[in-house]
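Student: Handing you a structure now.
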Protein chains: 4
Amino acid sequence: MPDAQAPDLASPDLASIVHDIAAEMRLRAERGTVADYIPALATVSPDRFGIAVIMADGTCHTAGDADEAFSIQSISKVFALTMALGAVGDALWQRVGREPSGSAFNSIVQLESEHGIPRNPFINAGAIVVSDILLGNHEPREAIGEMLRFVRALASDETIRIDETVAQGELQTGFRNIALANYMRAFGNVRHPVEKVLGLYFHQCAIAMSCRQLAAAGRYLMARGRHPESGRSVVSPRRARRINALMLTCGHYDGSGEFAFRTGLPGKSGVGGGILAIAPGVASIAVWSPGLNERGNSLLGTLALERLVEHTGWSVFDPVTTA
Amino acid sequence: MPDAQAPDLASPDLASIVHDIAAEMRLRAERGTVADYIPALATVSPDRFGIAVIMADGTCHTAGDADEAFSIQSISKVFALTMALGAVGDALWQRVGREPSGSAFNSIVQLESEHGIPRNPFINAGAIVVSDILLGNHEPREAIGEMLRFVRALASDETIRIDETVAQGELQTGFRNIALANYMRAFGNVRHPVEKVLGLYFHQCAIAMSCRQLAAAGRYLMARGRHPESGRSVVSPRRARRINALMLTCGHYDGSGEFAFRTGLPGKSGVGGGILAIAPGVASIAVWSPGLNERGNSLLGTLALERLVEHTGWSVFDPVTTA
Amino acid sequence: MPDAQAPDLASPDLASIVHDIAAEMRLRAERGTVADYIPALATVSPDRFGIAVIMADGTCHTAGDADEAFSIQSISKVFALTMALGAVGDALWQRVGREPSGSAFNSIVQLESEHGIPRNPFINAGAIVVSDILLGNHEPREAIGEMLRFVRALASDETIRIDETVAQGELQTGFRNIALANYMRAFGNVRHPVEKVLGLYFHQCAIAMSCRQLAAAGRYLMARGRHPESGRSVVSPRRARRINALMLTCGHYDGSGEFAFRTGLPGKSGVGGGILAIAPGVASIAVWSPGLNERGNSLLGTLALERLVEHTGWSVFDPVTTA
Amino acid sequence: MPDAQAPDLASPDLASIVHDIAAEMRLRAERGTVADYIPALATVSPDRFGIAVIMADGTCHTAGDADEAFSIQSISKVFALTMALGAVGDALWQRVGREPSGSAFNSIVQLESEHGIPRNPFINAGAIVVSDILLGNHEPREAIGEMLRFVRALASDETIRIDETVAQGELQTGFRNIALANYMRAFGNVRHPVEKVLGLYFHQCAIAMSCRQLAAAGRYLMARGRHPESGRSVVSPRRARRINALMLTCGHYDGSGEFAFRTGLPGKSGVGGGILAIAPGVASIAVWSPGLNERGNSLLGTLALERLVEHTGWSVFDPVTTA
């Protein structure tokens, strides 16, 4: 048991840890359920598993399908929030809350009693308001382009693209999200035409990235807000800290408490099966396995992160990380 | 602004930081609302403010009314959970969830749809189930005694006592808690007679401690589960980590996200105005100011912790703590 | 089909209609589920079926087990409401609403958002407030006695009694009702000690009556508030009308709309399997069959009333009744 | 007090009753709040009051602004339901419930827990499903035309028209209804494109009628489903009865219980300030006053109907109507 013997944190052989995790995950029989509400997602094989760990010094360890692109879906909410905070600052919090919702990712119930203010920016309703903010005076096409450029810059990778098949699939079947957006528009908390807001939102969700690219894009969140290669400040240290806090309390819908309990890491999941997790000051981590658990979070992705923390002691709640 | 200039973390003069915080809090005009549902709580002056910070090496910094005892109320839920996990282990989680509730501390709504299983052990319903577990085969008097001995041992202070006036006040007016307990008994998730369970629960909430005592009692949570003086293991490192995770996601009722956003520390509040916060590996902190914000958490206590983190960089989301 | 050929309402042979209904019900295979939360209720055979129809002129038609006493349970709420309105008048409506709840009979959810004011006097929470009103300055024993005398007088039958085994069973297992009562006490809408209020409530529910007795007790509701034998006014015509309206909109919990849709009669059901239904100006009707449908209302009792209305045209929504 | 002296029902001077009611309403200072969510509705003067009573024999009594057309809004749901039942029969009830919702007219909460099945056809969500059914294989333009022809035939008045300004206003600002429709489409309970469904729905709500026309259109509901002039069966007697039952239990949103309690009549209100009420076998009644109470029902319209019933004894719960 990891508690019985303290992991040798001075020099964990990360390469072999990552390799072993991928090997274990590949053998697992129970792999969860692949999201099927968009045809393009449903065709992904549940056998896929990838992991990428980028350390503060830039070292990168990968295993499995770490270079295969998948639909990042809700993980994009982290990048969208980062952009929107850059655009309007803390005024954003007048339109979106900062509390765990205690509800499913697409729940509309809470919006009624709280007059169109979503609980946090990581549930669908909150992310739609963030999209509305990002639209600003732009046309959706421009805002989508800006978003893609931002993610490419974060990841230092110009090959990242949007999967138009996925984006179109959402546009055709995203009735719940259309409902959420119109509902908030009735309260004045969505201000642009709903089809424009969702045009941006659905394209942002359809960004396709590999684990390697995703871990790269998340580096600023482990590095006090700085892009490690350019040295440029993406967000202030305080804001980076706070985004991490939001990821920990709200990043996995009504499974956020469980994820924090098991991994102790800020993380954000997507229904494509990806999870971005941050060990502040230490590592930016991306895992991917398309099968989801009953809360809509990657089943093996969560387990892989739990294993990683067991072997590295990277939980933010573990003092060993301060050694 | 703390973000503009990185705090000198190598040698923060904690004594003066703590002193300055207490001075600022003493001057604040807006002090929140003192809980009045029990007469014994309503008589406490909103002018009180205390803070105690105990470092990993045992150094203790205090300011203000750090030696005045107050009713720890819901902070006791951390100690009760620790005891119950020791008694029944992870089987506890079959009767209590690990998710933020998104509701007020005494909400009964969620219990109906989730068949009597409380969302987490830090809302009232969850703590009542924990009391039911702690009763085991004991009479309330014995279980209360055991709880008091446990808290005294944690704090290394035999003078800690239960305020019987407060306990009796809860017994007389705690109709909502009686309702919660009976409601869960209807689902079979409270198994002892309700009056016995609540006898234990109300006495546990009525434990009176000073900031100094409370910070001392919390030391095991910063020290991988070990009692720093005796060296004895109170809980395993993994369990300490997980209790910290629960405090961060669920420790402030429907204000937990906000508290995590602002302070970045695992913490547990009580309606007596106290907060216990943990900087893993670094410090155990207790603050006290009786006035509450609209979510039932200490208004100035929260602000004081925010200030402390700004000056020390102790947020679990801040990589500087690993320096 | 009853719609195809208008029933001969001038002289329906009620005796044979009632006989045929009982015969059909006796043969039905699907009989619903007998309530089992009190042992004394669970032992009743689902094969039982009784019906009694008392006309405005006093003629009484019965069939099946019409003289076997059963536990009237929630049907008692009609008599309790009548008494309480007599005691405090329309001031009662400051503590209880007049709207269908849209929820199950023992739901606690609505109480939280509406600050302890139950939706109507026919859900458990509302009936508990009515009991609290009826207690007035009495001890439970006196109030129970008064209630029993009232029901006996309505039915002109001194043999009606309370089944103490049922009453004690409720006292031992009624945790949800204890929760409801304490919850409302927290809001100040239950004012006597909960055990006294529930002592009255559980005894009122434990009144045992046969269909014949129950139909007799309901006569004042078909007769503009007058007791047909004594000629005494039990309630004013307006109040009788309004109690009937409440029975139609709220008498079958979250199955009230369905019952009104199918029978068109004001009615009140109990988990003992009884239903009291009123055809204003025409008849007071009691049916009994212990098996319940998924909403907690007598499955065959409802069907029997539907048949009766099909053959007699007694729906309050049918102009033929004015012929 | 009406209860003290039984009204002389054999020959109530209806003309003077109706006149007196209009006179009283005209003088009332408190007139409620005119709906303002559509500009075209907000401009109507709160001073307006009209009443029309059409007896079974065709006699018509009117007073006040009985010939001024107003937007019938949700009253159209009665006619739409009637048409849809004609089109698909009781299969309709697989997609819409028959229970009071206990919620506001535009609530979305219940839809989530009940998987997109609205509680009844008289809340917005239910009426939108009815519109979806009415669309069938038609284009919205055809379905709107058919609806208008149906209402004109019921009222025997070819001058009834749709107020296009109102219809366009709803199309531009009806975000909540768009949300409801999309939400149900996500559950598969709206099957046509939402803009087509709402095109029909908003036009149906924008039908403009006077009290005289509305009372005429409602005659089939007092006459066992038959159109009194043509003698043609609009619906079967049983269906007429059931529509009346639904109006009584669900016709006034979360004020349905209160309306039934006070008037004892099946009725359906609209936010334009109109109410259609039915005294089965006796009269079809329309009242109109634009000011609404806090539940969205006409304040003076309800009071006028209460007065009418006090003087006529037409409550369905009053046996005198059978004399």
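In the structure tokens, chains take the letters A, B, ... in the order shown, each chain's residues start at 1, and ligands count up from 1 in the order shown.
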Fit chain B to chain A: least squares, all C-alpha atoms, paired in order; write the output as a tab-separated table (two decimals) with C-alpha atoms, in the first residue's frame.
Tutor:
```
chain	number	residue	atom	x	y	z
B	1	MET	CA	0.01	0.04	-0.20
B	2	PRO	CA	1.35	3.50	-0.92
B	3	ASP	CA	0.62	4.58	2.63
B	4	ALA	CA	2.61	1.76	4.13
B	5	GLN	CA	5.85	2.66	2.45
B	6	ALA	CA	6.54	6.25	1.58
B	7	PRO	CA	7.29	6.59	-2.14
B	8	ASP	CA	10.85	7.55	-2.99
B	9	LEU	CA	9.94	11.00	-4.12
B	10	ALA	CA	13.45	12.29	-4.53
B	11	SER	CA	13.84	10.32	-7.73
B	12	PRO	CA	10.68	8.67	-8.87
B	13	ASP	CA	11.38	6.92	-12.13
B	14	LEU	CA	8.53	8.67	-13.82
B	15	ALA	CA	9.14	7.05	-17.15
B	16	SER	CA	8.55	3.60	-15.72
B	17	ILE	CA	5.62	4.76	-13.54
B	18	VAL	CA	3.89	6.19	-16.60
B	19	HIS	CA	4.68	3.09	-18.60
B	20	ASP	CA	3.32	0.80	-15.87
B	21	ILE	CA	0.11	2.79	-15.55
B	22	ALA	CA	-0.52	2.57	-19.28
B	23	ALA	CA	0.14	-1.15	-19.16
B	24	GLU	CA	-2.32	-1.67	-16.30
B	25	MET	CA	-5.00	0.41	-18.00
B	26	ARG	CA	-4.61	-1.47	-21.25
B	27	LEU	CA	-5.45	-4.71	-19.45
B	28	ARG	CA	-8.50	-3.48	-17.57
B	29	ALA	CA	-11.71	-5.20	-18.61
B	30	GLU	CA	-14.13	-2.63	-17.23
B	31	ARG	CA	-13.59	0.46	-19.34
B	32	GLY	CA	-16.79	2.54	-18.89
B	33	THR	CA	-19.18	3.71	-21.57
B	34	VAL	CA	-18.17	5.75	-24.59
B	35	ALA	CA	-20.33	8.88	-25.03
B	36	ASP	CA	-22.71	8.33	-27.92
B	37	TYR	CA	-24.74	11.50	-28.16
B	38	ILE	CA	-22.64	12.65	-31.09
B	39	PRO	CA	-21.99	10.01	-33.77
B	40	ALA	CA	-18.41	11.20	-34.21
B	41	LEU	CA	-17.67	10.48	-30.54
B	42	ALA	CA	-19.42	7.11	-30.47
B	43	THR	CA	-17.06	5.60	-33.01
B	44	VAL	CA	-13.97	5.94	-30.82
B	45	SER	CA	-12.70	2.62	-29.50
B	46	PRO	CA	-12.91	2.14	-25.71
B	47	ASP	CA	-9.55	0.37	-25.93
B	48	ARG	CA	-7.68	3.61	-26.31
B	49	PHE	CA	-5.59	4.90	-23.44
B	50	GLY	CA	-2.99	7.63	-23.45
B	51	ILE	CA	-1.02	9.59	-20.88
B	52	ALA	CA	1.40	12.49	-21.04
B	53	VAL	CA	3.22	14.10	-18.12
B	54	ILE	CA	5.19	17.30	-18.65
B	55	MET	CA	7.41	18.32	-15.76
B	56	ALA	CA	8.26	21.84	-14.69
B	57	ASP	CA	11.63	21.49	-16.39
B	58	GLY	CA	9.99	20.56	-19.68
B	59	THR	CA	10.70	16.84	-19.54
B	60	CYS	CA	7.83	14.92	-21.07
B	61	HIS	CA	6.87	11.33	-20.35
B	62	THR	CA	4.22	9.64	-22.44
B	63	ALA	CA	2.74	6.17	-22.81
B	64	GLY	CA	-0.01	4.51	-24.80
B	65	ASP	CA	-1.96	6.54	-27.33
B	66	ALA	CA	-0.47	9.79	-26.14
B	67	ASP	CA	-0.17	11.20	-29.64
B	68	GLU	CA	-3.64	10.38	-30.89
B	69	ALA	CA	-5.96	13.36	-31.06
B	70	PHE	CA	-9.32	13.19	-29.28
B	71	SER	CA	-12.15	15.65	-28.75
B	72	ILE	CA	-11.28	17.69	-25.68
B	73	GLN	CA	-14.91	18.74	-25.17
B	74	SER	CA	-15.37	20.31	-21.71
B	75	ILE	CA	-11.65	20.55	-21.05
B	76	SER	CA	-11.84	23.52	-23.38
B	77	LYS	CA	-13.76	25.31	-20.63
B	78	VAL	CA	-10.49	25.88	-18.78
B	79	PHE	CA	-8.94	27.64	-21.74
B	80	ALA	CA	-12.12	29.59	-22.48
B	81	LEU	CA	-12.33	30.76	-18.85
B	82	THR	CA	-8.70	31.84	-18.98
B	83	MET	CA	-9.37	33.89	-22.13
B	84	ALA	CA	-12.55	35.42	-20.75
B	85	LEU	CA	-10.86	36.46	-17.49
B	86	GLY	CA	-8.21	38.11	-19.62
B	87	ALA	CA	-10.91	39.94	-21.55
B	88	VAL	CA	-13.21	41.17	-18.79
B	89	GLY	CA	-11.38	40.38	-15.55
B	90	ASP	CA	-13.24	39.63	-12.34
B	91	ALA	CA	-16.38	41.26	-13.73
B	92	LEU	CA	-16.96	37.78	-15.14
B	93	TRP	CA	-17.97	36.61	-11.67
B	94	GLN	CA	-21.04	38.77	-11.73
B	95	ARG	CA	-22.45	36.44	-14.36
B	96	VAL	CA	-21.07	33.07	-13.25
B	97	GLY	CA	-20.71	31.60	-9.76
B	98	ARG	CA	-17.77	29.77	-8.20
B	99	GLU	CA	-19.50	26.97	-6.37
B	100	PRO	CA	-19.78	23.25	-7.10
B	101	SER	CA	-23.24	22.64	-8.52
B	102	GLY	CA	-23.98	19.29	-6.95
B	103	SER	CA	-25.76	18.46	-10.21
B	104	ALA	CA	-25.11	16.82	-13.54
B	105	PHE	CA	-23.18	18.68	-16.21
B	106	ASN	CA	-26.25	19.66	-18.17
B	107	SER	CA	-28.72	20.29	-15.36
B	108	ILE	CA	-31.13	23.16	-15.80
B	109	VAL	CA	-32.77	22.98	-12.38
B	110	GLN	CA	-30.37	25.23	-10.51
B	111	LEU	CA	-30.70	27.96	-13.13
B	112	GLU	CA	-34.38	28.46	-12.31
B	113	SER	CA	-33.94	29.06	-8.61
B	114	GLU	CA	-30.82	31.17	-9.14
B	115	HIS	CA	-32.24	33.36	-11.88
B	116	GLY	CA	-30.04	32.36	-14.76
B	117	ILE	CA	-26.66	32.63	-12.98
B	118	PRO	CA	-24.82	29.31	-13.46
B	119	ARG	CA	-23.05	27.89	-10.45
B	120	ASN	CA	-19.59	27.79	-12.02
B	121	PRO	CA	-17.84	28.16	-15.37
B	122	PHE	CA	-17.20	24.42	-15.79
B	123	ILE	CA	-20.79	23.20	-16.08
B	124	ASN	CA	-22.34	23.66	-19.50
B	125	ALA	CA	-24.47	26.63	-18.52
B	126	GLY	CA	-21.48	28.46	-17.10
B	127	ALA	CA	-19.34	27.73	-20.14
B	128	ILE	CA	-22.09	29.06	-22.40
B	129	VAL	CA	-22.03	32.36	-20.51
B	130	VAL	CA	-18.25	32.39	-20.91
B	131	SER	CA	-18.76	31.91	-24.66
B	132	ASP	CA	-21.19	34.80	-24.65
B	133	ILE	CA	-18.51	36.94	-22.99
B	134	LEU	CA	-15.85	35.80	-25.46
B	135	LEU	CA	-18.04	36.73	-28.41
B	136	GLY	CA	-17.82	40.38	-27.36
B	137	ASN	CA	-18.05	42.32	-30.58
B	138	HIS	CA	-16.80	39.45	-32.70
B	139	GLU	CA	-18.51	37.19	-35.14
B	140	PRO	CA	-18.37	33.53	-34.09
B	141	ARG	CA	-15.86	32.77	-36.84
B	142	GLU	CA	-13.42	35.33	-35.44
B	143	ALA	CA	-13.91	34.22	-31.84
B	144	ILE	CA	-13.38	30.58	-32.82
B	145	GLY	CA	-10.21	31.55	-34.62
B	146	GLU	CA	-8.95	33.46	-31.63
B	147	MET	CA	-9.68	30.55	-29.32
B	148	LEU	CA	-7.82	28.14	-31.59
B	149	ARG	CA	-4.84	30.46	-31.80
B	150	PHE	CA	-4.79	30.74	-28.00
B	151	VAL	CA	-4.79	26.98	-27.49
B	152	ARG	CA	-2.11	26.50	-30.17
B	153	ALA	CA	0.07	29.11	-28.48
B	154	LEU	CA	-0.40	27.49	-25.06
B	155	ALA	CA	0.59	24.12	-26.49
B	156	SER	CA	3.26	25.59	-28.76
B	157	ASP	CA	1.76	23.48	-31.52
B	158	GLU	CA	0.29	24.96	-34.68
B	159	THR	CA	-1.16	21.65	-35.85
B	160	ILE	CA	-4.03	21.63	-33.33
B	161	ARG	CA	-7.33	21.83	-35.18
B	162	ILE	CA	-11.07	21.76	-34.71
B	163	ASP	CA	-12.92	18.62	-35.73
B	164	GLU	CA	-15.71	20.03	-37.87
B	165	THR	CA	-17.60	16.73	-37.89
B	166	VAL	CA	-17.87	16.89	-34.13
B	167	ALA	CA	-18.82	20.58	-34.17
B	168	GLN	CA	-21.58	19.96	-36.71
B	169	GLY	CA	-22.81	16.98	-34.72
B	170	GLU	CA	-23.23	19.16	-31.65
B	171	LEU	CA	-25.00	21.84	-33.67
B	172	GLN	CA	-27.51	19.27	-34.83
B	173	THR	CA	-28.21	17.44	-31.60
B	174	GLY	CA	-27.33	19.85	-28.83
B	175	PHE	CA	-30.93	20.53	-27.83
B	176	ARG	CA	-30.16	20.64	-24.13
B	177	ASN	CA	-27.47	23.22	-24.64
B	178	ILE	CA	-29.81	25.24	-26.86
B	179	ALA	CA	-32.32	25.03	-24.02
B	180	LEU	CA	-29.77	26.17	-21.45
B	181	ALA	CA	-28.67	29.10	-23.60
B	182	ASN	CA	-32.21	30.28	-24.28
B	183	TYR	CA	-33.12	29.86	-20.66
B	184	MET	CA	-30.27	32.12	-19.60
B	185	ARG	CA	-31.11	34.54	-22.40
B	186	ALA	CA	-34.56	34.85	-20.82
B	187	PHE	CA	-32.78	36.08	-17.68
B	188	GLY	CA	-30.52	38.39	-19.69
B	189	ASN	CA	-27.40	36.40	-18.85
B	190	VAL	CA	-26.83	35.39	-22.47
B	191	ARG	CA	-26.76	38.52	-24.58
B	192	HIS	CA	-25.80	37.49	-28.09
B	193	PRO	CA	-28.08	35.48	-30.37
B	194	VAL	CA	-28.08	31.93	-29.07
B	195	GLU	CA	-26.99	30.41	-32.37
B	196	LYS	CA	-23.85	32.57	-32.39
B	197	VAL	CA	-23.00	31.76	-28.77
B	198	LEU	CA	-23.46	28.06	-29.34
B	199	GLY	CA	-21.58	28.27	-32.62
B	200	LEU	CA	-18.56	29.35	-30.61
B	201	TYR	CA	-19.27	26.93	-27.76
B	202	PHE	CA	-19.65	23.86	-29.96
B	203	HIS	CA	-16.52	24.65	-31.95
B	204	GLN	CA	-14.49	25.16	-28.80
B	205	CYS	CA	-15.66	21.77	-27.53
B	206	ALA	CA	-14.70	20.21	-30.86
B	207	ILE	CA	-11.03	21.09	-30.55
B	208	ALA	CA	-9.04	17.88	-31.06
B	209	MET	CA	-5.82	17.38	-29.14
B	210	SER	CA	-3.52	14.57	-28.15
B	211	CYS	CA	-2.48	13.97	-24.54
B	212	ARG	CA	0.91	15.43	-25.37
B	213	GLN	CA	-0.65	18.58	-26.78
B	214	LEU	CA	-3.12	18.91	-23.93
B	215	ALA	CA	-0.47	18.53	-21.23
B	216	ALA	CA	1.58	21.15	-23.05
B	217	ALA	CA	-1.37	23.53	-23.18
B	218	GLY	CA	-1.88	23.15	-19.42
B	219	ARG	CA	1.69	24.08	-18.45
B	220	TYR	CA	0.82	27.68	-17.51
B	221	LEU	CA	-1.41	26.33	-14.72
B	222	MET	CA	1.50	24.54	-13.04
B	223	ALA	CA	3.84	27.47	-13.56
B	224	ARG	CA	2.16	30.36	-11.73
B	225	GLY	CA	0.47	31.49	-14.93
B	226	ARG	CA	3.57	31.72	-17.12
B	227	HIS	CA	4.08	30.02	-20.44
B	228	PRO	CA	7.26	28.05	-19.78
B	229	GLU	CA	8.79	28.40	-23.24
B	230	SER	CA	8.04	32.03	-23.99
B	231	GLY	CA	8.19	33.13	-20.39
B	232	ARG	CA	5.14	35.25	-21.19
B	233	SER	CA	2.51	35.68	-18.47
B	234	VAL	CA	-0.72	34.03	-19.57
B	235	VAL	CA	-2.48	34.91	-16.33
B	236	SER	CA	-1.30	36.35	-13.03
B	237	PRO	CA	-0.09	33.88	-10.37
B	238	ARG	CA	-3.19	34.60	-8.30
B	239	ARG	CA	-5.48	33.87	-11.22
B	240	ALA	CA	-3.63	30.64	-12.05
B	241	ARG	CA	-4.08	29.59	-8.42
B	242	ARG	CA	-7.76	30.38	-8.56
B	243	ILE	CA	-8.35	28.53	-11.81
B	244	ASN	CA	-6.70	25.53	-10.19
B	245	ALA	CA	-9.02	25.92	-7.17
B	246	LEU	CA	-12.05	25.98	-9.47
B	247	MET	CA	-10.81	22.88	-11.28
B	248	LEU	CA	-10.48	21.07	-7.99
B	249	THR	CA	-13.91	21.99	-6.64
B	250	CYS	CA	-15.89	22.03	-9.90
B	251	GLY	CA	-13.89	20.30	-12.64
B	252	HIS	CA	-15.72	16.98	-12.68
B	253	TYR	CA	-19.40	18.00	-12.41
B	254	ASP	CA	-21.15	16.09	-9.63
B	255	GLY	CA	-18.10	13.82	-9.39
B	256	SER	CA	-15.75	16.65	-8.40
B	257	GLY	CA	-15.60	15.70	-4.73
B	258	GLU	CA	-14.83	12.11	-5.59
B	259	PHE	CA	-12.06	13.11	-8.01
B	260	ALA	CA	-10.48	15.42	-5.40
B	261	PHE	CA	-10.81	12.68	-2.78
B	262	ARG	CA	-9.10	10.12	-4.94
B	263	THR	CA	-6.42	12.13	-6.75
B	264	GLY	CA	-5.98	15.36	-4.81
B	265	LEU	CA	-5.29	17.22	-8.05
B	266	PRO	CA	-7.07	20.08	-9.81
B	267	GLY	CA	-8.49	18.53	-12.96
B	268	LYS	CA	-10.96	19.07	-15.75
B	269	SER	CA	-12.64	16.26	-17.64
B	270	GLY	CA	-14.42	16.09	-20.99
B	271	VAL	CA	-16.94	13.60	-22.36
B	272	GLY	CA	-14.42	12.70	-25.02
B	273	GLY	CA	-12.61	10.84	-22.23
B	274	GLY	CA	-9.79	13.28	-21.62
B	275	ILE	CA	-8.70	14.80	-18.31
B	276	LEU	CA	-6.23	17.63	-17.77
B	277	ALA	CA	-4.75	17.58	-14.26
B	278	ILE	CA	-2.30	19.96	-12.67
B	279	ALA	CA	0.29	19.34	-9.95
B	280	PRO	CA	1.17	22.98	-9.20
B	281	GLY	CA	4.85	23.66	-9.59
B	282	VAL	CA	5.49	20.07	-10.57
B	283	ALA	CA	3.68	18.76	-13.63
B	284	SER	CA	0.95	19.22	-16.21
B	285	ILE	CA	-0.73	15.92	-16.93
B	286	ALA	CA	-3.15	14.71	-19.60
B	287	VAL	CA	-4.83	11.32	-19.71
B	288	TRP	CA	-7.32	9.92	-22.18
B	289	SER	CA	-9.57	6.91	-22.19
B	290	PRO	CA	-12.93	7.24	-23.94
B	291	GLY	CA	-15.03	5.13	-21.58
B	292	LEU	CA	-16.89	7.23	-18.99
B	293	ASN	CA	-18.11	6.46	-15.48
B	294	GLU	CA	-21.66	7.16	-14.35
B	295	ARG	CA	-20.84	10.82	-13.71
B	296	GLY	CA	-19.55	11.36	-17.24
B	297	ASN	CA	-15.85	11.40	-16.36
B	298	SER	CA	-13.23	9.09	-17.87
B	299	LEU	CA	-13.23	5.85	-15.86
B	300	LEU	CA	-9.67	4.76	-16.58
B	301	GLY	CA	-8.39	8.32	-16.84
B	302	THR	CA	-9.40	8.91	-13.23
B	303	LEU	CA	-7.89	5.61	-12.12
B	304	ALA	CA	-4.66	6.39	-13.96
B	305	LEU	CA	-4.35	9.71	-12.16
B	306	GLU	CA	-5.05	8.03	-8.84
B	307	ARG	CA	-2.23	5.60	-9.56
B	308	LEU	CA	0.10	8.40	-10.60
B	309	VAL	CA	-0.49	10.28	-7.36
B	310	GLU	CA	-0.06	7.14	-5.30
B	311	HIS	CA	3.39	6.68	-6.81
B	312	THR	CA	4.50	10.29	-6.89
B	313	GLY	CA	2.83	11.91	-3.89
B	314	TRP	CA	1.73	14.83	-6.08
B	315	SER	CA	-1.58	15.41	-4.31
B	316	VAL	CA	-1.91	19.06	-3.39
B	317	PHE	CA	-2.95	17.79	0.03
B	318	ASP	CA	0.26	15.93	0.62
B	319	PRO	CA	3.03	17.80	2.41
B	320	VAL	CA	5.61	15.53	0.80
B	321	THR	CA	5.35	17.62	-2.33
B	322	THR	CA	7.03	20.38	-0.44
B	323	ALA	CA	10.08	18.28	0.23
```
Student: Write out as a VMD selection string all residues of region 198-321 of chain D that backbone DSSP assigns to helix (DSSP H, G or I).
Tutor: chain D and resid 198 to 205 211 to 217 219 to 222 237 to 250 253 to 263 299 to 312 319 to 321
Student: Output C-alpha atoms for every residue in that selection, as a compact mmCIF listing (two decimals), in the first residue's frame.
Tutor:
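Saved as selection12.txt:
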```
# COMPACT_ATOMS: atom_id res chain seq x y z
CA LEU D 198 -43.22 27.57 -31.53
CA GLY D 199 -44.45 29.29 -34.68
CA LEU D 200 -47.72 27.47 -34.18
CA TYR D 201 -47.70 27.91 -30.42
CA PHE D 202 -47.06 31.64 -30.48
CA HIS D 203 -49.73 32.23 -33.12
CA GLN D 204 -52.27 30.22 -31.20
CA CYS D 205 -51.55 32.30 -28.10
CA CYS D 211 -65.46 37.94 -23.92
CA ARG D 212 -68.55 37.34 -26.05
CA GLN D 213 -66.57 35.37 -28.61
CA LEU D 214 -64.66 33.42 -25.97
CA ALA D 215 -67.79 32.43 -24.06
CA ALA D 216 -69.31 31.34 -27.36
CA ALA D 217 -66.26 29.25 -28.19
CA ARG D 219 -70.11 26.38 -25.20
CA TYR D 220 -69.24 22.82 -26.18
CA LEU D 221 -67.65 22.32 -22.78
CA MET D 222 -70.90 23.07 -20.97
CA PRO D 237 -69.31 13.69 -23.54
CA ARG D 238 -66.65 11.80 -21.65
CA ARG D 239 -63.88 13.87 -23.22
CA ALA D 240 -65.73 17.12 -22.49
CA ARG D 241 -66.03 16.02 -18.87
CA ARG D 242 -62.35 15.24 -18.71
CA ILE D 243 -61.27 18.51 -20.27
CA ASN D 244 -63.34 20.25 -17.63
CA ALA D 245 -61.64 18.16 -14.94
CA LEU D 246 -58.23 19.18 -16.27
CA MET D 247 -59.27 22.83 -16.32
CA LEU D 248 -60.31 22.59 -12.69
CA THR D 249 -57.17 20.89 -11.45
CA CYS D 250 -54.61 22.52 -13.76
CA TYR D 253 -50.92 27.06 -12.98
CA ASP D 254 -49.85 27.06 -9.33
CA GLY D 255 -53.00 29.01 -8.48
CA SER D 256 -55.32 26.22 -9.65
CA GLY D 257 -56.19 25.03 -6.17
CA GLU D 258 -57.00 28.55 -5.06
CA PHE D 259 -59.21 29.17 -8.11
CA ALA D 260 -61.11 25.92 -7.53
CA PHE D 261 -61.43 26.76 -3.84
CA ARG D 262 -62.88 30.18 -4.53
CA THR D 263 -65.04 29.62 -7.61
CA LEU D 299 -57.00 39.45 -10.40
CA LEU D 300 -60.42 40.95 -11.07
CA GLY D 301 -61.43 38.19 -13.45
CA THR D 302 -61.08 35.68 -10.62
CA LEU D 303 -62.94 37.92 -8.21
CA ALA D 304 -65.74 38.45 -10.74
CA LEU D 305 -66.18 34.71 -11.14
CA GLU D 306 -66.21 34.28 -7.38
CA ARG D 307 -68.99 36.86 -7.17
CA LEU D 308 -70.92 35.20 -9.98
CA VAL D 309 -70.82 31.84 -8.24
CA GLU D 310 -71.82 33.38 -4.93
CA HIS D 311 -74.94 34.78 -6.56
CA THR D 312 -75.80 31.84 -8.78
CA PRO D 319 -75.70 20.45 -4.99
CA VAL D 320 -78.08 23.34 -5.59
CA THR D 321 -77.02 23.31 -9.22
```
